[in-house]
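Q: First the structure, which I've put down as structure tokens, then a few questions once you've had a look.
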Amino acid sequence: MATPQSDSSQSPLRTVAVVGLGTMGTGIIEVLAKAGRQVIGIDISGAQAARSVAALESSTARAVERGRLTEQERAGVLARVTTSTDLRAAADADLVIEVTPESYEIKQQVFRDLDAIVRPTAVLATGTNALSVTRLAADSARPERVLGLHFFNPAPAMKLVEVVSSVLTAPQAVAAVTDLALELGKEPVAVGDRPGFVADGLLFGYLNQAAAMYEAKYASREDIDAAMRLGCGLPMGPLALLDLIGVDTARTVLDAMYTESRDRLHAPAPILKQLSEAGLTGRKAGRGFYTYEAPGSATVVPDTLTPREGAAATPGRPVRSVGVAGSGTMASGIAEVFAKAGYDVVLAARSEEKAEAARARIGKSLARSVDKGRMTAEAAAKTLDRITPAGSYDAFADVDLAVEAVAEDLDVKRQLFEALDKVCKPGAILATTTSSLPVVACARATSRPQDVIGMHFFNPAPAMKLVEVVRTVLTADDVHATVREVCGTIRKHAVDCGDRAGFIVNALLFPYLNNAVKMVQEHYASLDDIDAAMKLGGGYPMGPFELLDVVGLDVSLAIERVLHREFRDPGLAPAPLLEHLVAAGCLGRKTGRGFREYARR
């Protein structure tokens, strides 16, 4: 199917110059040329300009192979692009977009030179994602014509464009560029001038925390990345993404963010400086957090930090039967997962009726799987037969592994572990599914803390592949080995982490959500624009406010309070707006109103 071209004849921005022909500049040229614009690519390096043209030829050839362009359309795209090493080639441009390195000195020199070259009516746009648009505009002879136009990489594929106004920008310039973005098939989001704008402002704080988590040796790079991909549905893990963006670029962005915010969450993790200064800047250098086949390659190759397959491990304990404590959605889901994997499961609740209701819920879930062709009716019946409901935890007397999935309340969990300690046989492993409470506190409620471990499943348990395996300082090696083996048997991806608030996923996810709330609280951007920015610019499956309303604002607030208490970082203090909404009973979808309103069922 051919890509439709917009009619550029009515647009005031018909001829566009792009200054800086790296990956981003080349991508922007492709977008503009496909939309019918005359494009002048400018770079001080003739070799770089030639590489840009070659990349454009290659990209459009692939588009023809995939049926997205015809040969005739491809010829038209290439004919609309010229390149030069002389900035004076921009003299007749209606719009100039600079995407030079993230340096005030370089960008200001480009703008000063353009002042003497372009027409007075030309709009000058910076592609910066870290520097102050206002500062760049103030140094120009026509600050009212300067704004930010932040595309996302790869520009041809990514829909989001942030249109950044300074206090000096004329509304007509903003309107013209916004209209252009729409004509390019992009979704423009209007934002004010602050480092990182919306998408990167939220994204880089999260990336920085992931780097710090790795630097602290809290979890391996592979486990941090897997946790965020499988636990949050993100297209890439944070450390792999830092390598793609460029470790040096990330450090520059964070430096600019910290200069403005003075928030410790934005202070670049020392490892970013160490890697940058060693030249280990990510994919472009062939090595960053990971090692790559060659500079510019996306193929990760093993290095000294890569986990060795089949490495000698402590033998685990045999597990034939599993007890699941609880009757809610999570308990039902976990019981279903174990039963599907062939384990005999005792599903115990505070009453026989609650346990029967939980088993019935599993029956409905299995029936849906049969309807969707995911399993046979016979397999579903056998799975349900493996689950025995019980109204007392005494039924756990013979289980090899007891997994609790009761209320996220430490007193409730402690009481349950005291009971399990009395009921379960010697050698049985006791696991908690807590997402935010200290596992060691559950362990200390028993006489066998060495047998206690965290198994943090994600909701819905049958669908979500991740389990965070949480060792305390008291957990025995064979208990850890057993749980890792069990995770493999139930087809879950286990990641190892220590017993501290939030483990991996929540420790990275909830500060990001909290920062999104702060953006709205400060009237920097709207809910819709922030959600759109993270979905379109970051590839997130849900925007932060959609996710907050699904998780529940009360649950989110509780986790953020735990993180703040544990790490004592002022940047982790829950946003007052979140606290106010919870106090007002606006808890999200479950109450019909959170950040948005929902139709009552």
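Ligands are numbered from 1 in the order shown, chains are lettered A, B, ... in the order of the structure tokens, and residues start at 1 in each chain.
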For Glu277 (chain A), work out the shell of residues within 10 Å, counting only C-alpha atoms and skipping chain neighbours fewer than 5 positions away, then give it as JSON, numbers by chain.

A: {"A": [247, 248, 271, 272]}

Q: Could you list, as a PDB file with C-alpha atoms, in the first residue's frame, every residue within 10 Å of Gly594 (chain A), counting only C-alpha atoms and ignoring same-chain residues fewer than 6 positions away?

A:
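Result file is selection.pdb:
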ATOM      1  CA  PHE A 545      -2.804   8.251  33.983  1.00  0.00           C
ATOM      2  CA  GLU A 546      -4.531   5.352  32.258  1.00  0.00           C
ATOM      3  CA  LEU A 548      -2.818   4.859  37.562  1.00  0.00           C
ATOM      4  CA  ASP A 549      -6.598   4.584  37.165  1.00  0.00           C
ATOM      5  CA  VAL A 550      -6.306   0.851  36.399  1.00  0.00           C
ATOM      6  CA  GLY A 552      -5.948   2.211  41.711  1.00  0.00           C
ATOM      7  CA  LEU A 553      -4.846   5.556  43.092  1.00  0.00           C
ATOM      8  CA  ASP A 554      -4.963   4.224  46.657  1.00  0.00           C
ATOM      9  CA  LEU A 578      -2.486  12.093  44.221  1.00  0.00           C
ATOM     10  CA  LEU A 581      -7.687  12.468  44.940  1.00  0.00           C
ATOM     11  CA  VAL A 582      -7.346   9.467  47.261  1.00  0.00           C
ATOM     12  CA  ALA A 584     -11.686  12.435  48.031  1.00  0.00           C
ATOM     13  CA  GLY A 585     -12.402   8.767  47.265  1.00  0.00           C
ATOM     14  CA  CYS A 586     -11.393   9.115  43.596  1.00  0.00           C
ATOM     15  CA  LEU A 587      -9.495   5.841  43.345  1.00  0.00           C
ATOM     16  CA  GLY A 588      -9.676   5.126  39.608  1.00  0.00           C
TER      17      GLY A 588
END

Q: Rank nothing, just name the residue among A:Leu230, A:Leu239, A:Leu203, A:Leu56 nearest to Ile29 (chain A), using only C-alpha atoms.

A: A:Leu56

Q: Would you please work out which residue, of A:Arg145, A:Arg194, A:Arg589, A:Arg88, is nearest to Val253 (chain A) when using only C-alpha atoms?

A: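 Checking each of A:Arg145, A:Arg194, A:Arg589, A:Arg88 against Val253 (chain A), counting only C-alpha atoms, the winner is A:Arg194.
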
Q: From region 71-143 of chain A, collect each residue whose DSSP state is strand (DSSP E) and return the set as JSON, numbers by chain.

A: {"A": [81, 82, 83, 84, 95, 96, 97, 98, 123, 124, 125, 126]}

Q: From the list A:Tyr512, A:Tyr218, A:Tyr292, A:Phe151, which residue is nearest His266 (chain A) when using only C-alpha atoms?

A: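 For His266 (chain A), the nearest of the given residues is A:Tyr512.
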
Q: So, with only C-alpha atoms as the atoms that count, which of A:Ala525, A:Leu180, A:Leu234, A:Val198 lies closest to Pro12 (chain A)?

A: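 Comparing A:Ala525, A:Leu180, A:Leu234, A:Val198 against Pro12 (chain A), the winner is A:Leu180.
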
Q: Please list as a list in words every residue within 12 Å of Ala298 (chain A), counting only C-alpha atoms and excluding residues in the same chain fewer than 5 positions away.

A: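 In the requested form, the answer reads Ala240, Leu241, Asp243, Leu244, Ile245, Gly282, Arg283, Lys284, Ala285, Gly286, Arg287, Gly288, Tyr290, Thr291, Tyr292 and Glu293 of chain A.
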